[in-house]
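Written out below as structure tokens is the structure these notes cover.
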Amino acid sequence: MGKLEAVYRIRLSFPLLAHAVNQQPAVIKFADTNNSVSIEYPKPGPAPEKSELEGFDEIVLRVERECTATQADIRGKLLNTFRMDTDAARAFWQFFEAIREAALRLNNTVFMYPVVPTHEIEANPLVRRCKVDWTFDGQPIVQGMGQRGMPAIELTDAWWTEAVDRLKRNHPVPVYTRFALDATYFSERDPTRGIIMACAAWETALRHYLADVAGKHDPAYLVAADSRNIPLLRRFAETAKGCALLQDAIDQSTGIMKEHFEYARLMLNELPTLRNKLLHKGEMEVSTTNARAAASAVLTAIEWFFGPT
């Protein structure tokens, strides 16, 4: 047996204010994968020329495990089976989560950088750039590099005109649509929060539909809008709408659009269960695909209930 090691050199997205020196590394042993992760205390270095692109201070994270030379052969495509990448990402966010909790408990301070449970280091908003070197018993195997693009605000004539017209009519974006847009954002960067925001958008949309649309025709729906759970709100909303969720859209469409509506309804069926797992059981392993699909499904349902917003 030999030692397989992956060394991650991570440039942070935010500047680091280090008020201590010569700290011991943080070490995490993951029993489910037999990987050991150590996070070294950052060493001060020269500022990068373009910090917004290159990131700020560097922090080094090492993942180690025992394996055979055959298992460590990159040509055998076996490295992914060790889950060293996912353990690196897991240790990284757990460490900064612990730092942030310690600051709260010891100094009553909450830092405003995001701590996000991601499966890939490059997907974490704390990371601007990451270089990784794989070795077996000290011999290089392969290198990798990942970097996040800079987000940009895009404007088109149509979007600008639409926004100007909306504000002129004093019609701000409804809160349920805002929540759904936030869910879409978090689905890529923090799937757990993405699911929670999708649920908030879905529940808020159902309550608004019952109170502001259906309630104008039948006051009973004003009472229904105060129902306690999402499935019951949905049943009342479907009754007010006159058909099952998205059913007329499914019946009137074909091909890809029909599949889109059917999948959206499937996701909305599952959304309350995902929410309960997160809020009542503390289960945080939500795939990015589910979070993205949930946000898209809620936006589809909002369009179906309210039309263009």
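Following the order of the structure tokens, chains are lettered A, B, ..., residues in each are numbered from 1, and ligands are numbered from 1.
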
So that I can check the surroundings of segment 238-248 of chain A, please list as a ChimeraX atom specification every protein, DNA and RNA residue that reaches within 10 Å of it, counting only C-alpha atoms and ignoring chain neighbours fewer than 4 positions away.
/A:206,209-210,213-215,217-218,221,232-234,252-253,261-262,264-265,268-269,300-301,304-305

List as JSON lines every residue of segment 109-137 of chain A that is in contact with segment 179-200 of chain A, defined as an atom at most 10 Å from one of its atoms (using only C-alpha atoms), together with the nearest atom pair and the distance in Å rounded to one decimal, sorted by chain and then rising number.
{"residue": "A:Pro114", "atom": "CA", "partner": "A:Asp190", "partner_atom": "CA", "distance": 9.3}
{"residue": "A:Val115", "atom": "CA", "partner": "A:Asp190", "partner_atom": "CA", "distance": 8.8}
{"residue": "A:Val116", "atom": "CA", "partner": "A:Asp190", "partner_atom": "CA", "distance": 5.5}
{"residue": "A:Pro117", "atom": "CA", "partner": "A:Asp190", "partner_atom": "CA", "distance": 6.5}
{"residue": "A:Thr118", "atom": "CA", "partner": "A:Asp190", "partner_atom": "CA", "distance": 6.7}
{"residue": "A:His119", "atom": "CA", "partner": "A:Asp190", "partner_atom": "CA", "distance": 9.9}
{"residue": "A:Ala123", "atom": "CA", "partner": "A:Arg189", "partner_atom": "CA", "distance": 6.4}
{"residue": "A:Asn124", "atom": "CA", "partner": "A:Arg189", "partner_atom": "CA", "distance": 6.6}
{"residue": "A:Pro125", "atom": "CA", "partner": "A:Arg189", "partner_atom": "CA", "distance": 6.9}

Residues of segment 10-110 of chain A classed as alpha helix (DSSP H) by DSSP on the backbone are to be reported as a ChimeraX atom specification.
/A:51-54,84-107

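When atom CA of Val164 of chain A is paired with atom CA of Ala205 of chain A, their separation reads 24.2 Å.
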
From the options A:Phe14, A:Trp160, A:Phe96, A:Tyr41, which residue's atoms come nearest to Arg128 of chain A, counting only C-alpha atoms?
A:Phe14

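Going from atom CA of Thr135 of chain A over to atom CA of Gly2 of chain A, you cover 10.4 Å.
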
What are the DSSP strand (DSSP E or B) residues of segment 138-211 of chain A, as a ChimeraX atom specification?
/A:139-147

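For Asp133 of chain A, the residues within 7 Å (counting only C-alpha atoms, excluding itself and residues fewer than 6 positions away along the chain) are A:Ala6, A:Val7, A:Tyr8, A:Val142, A:Gln143, A:Gly144.
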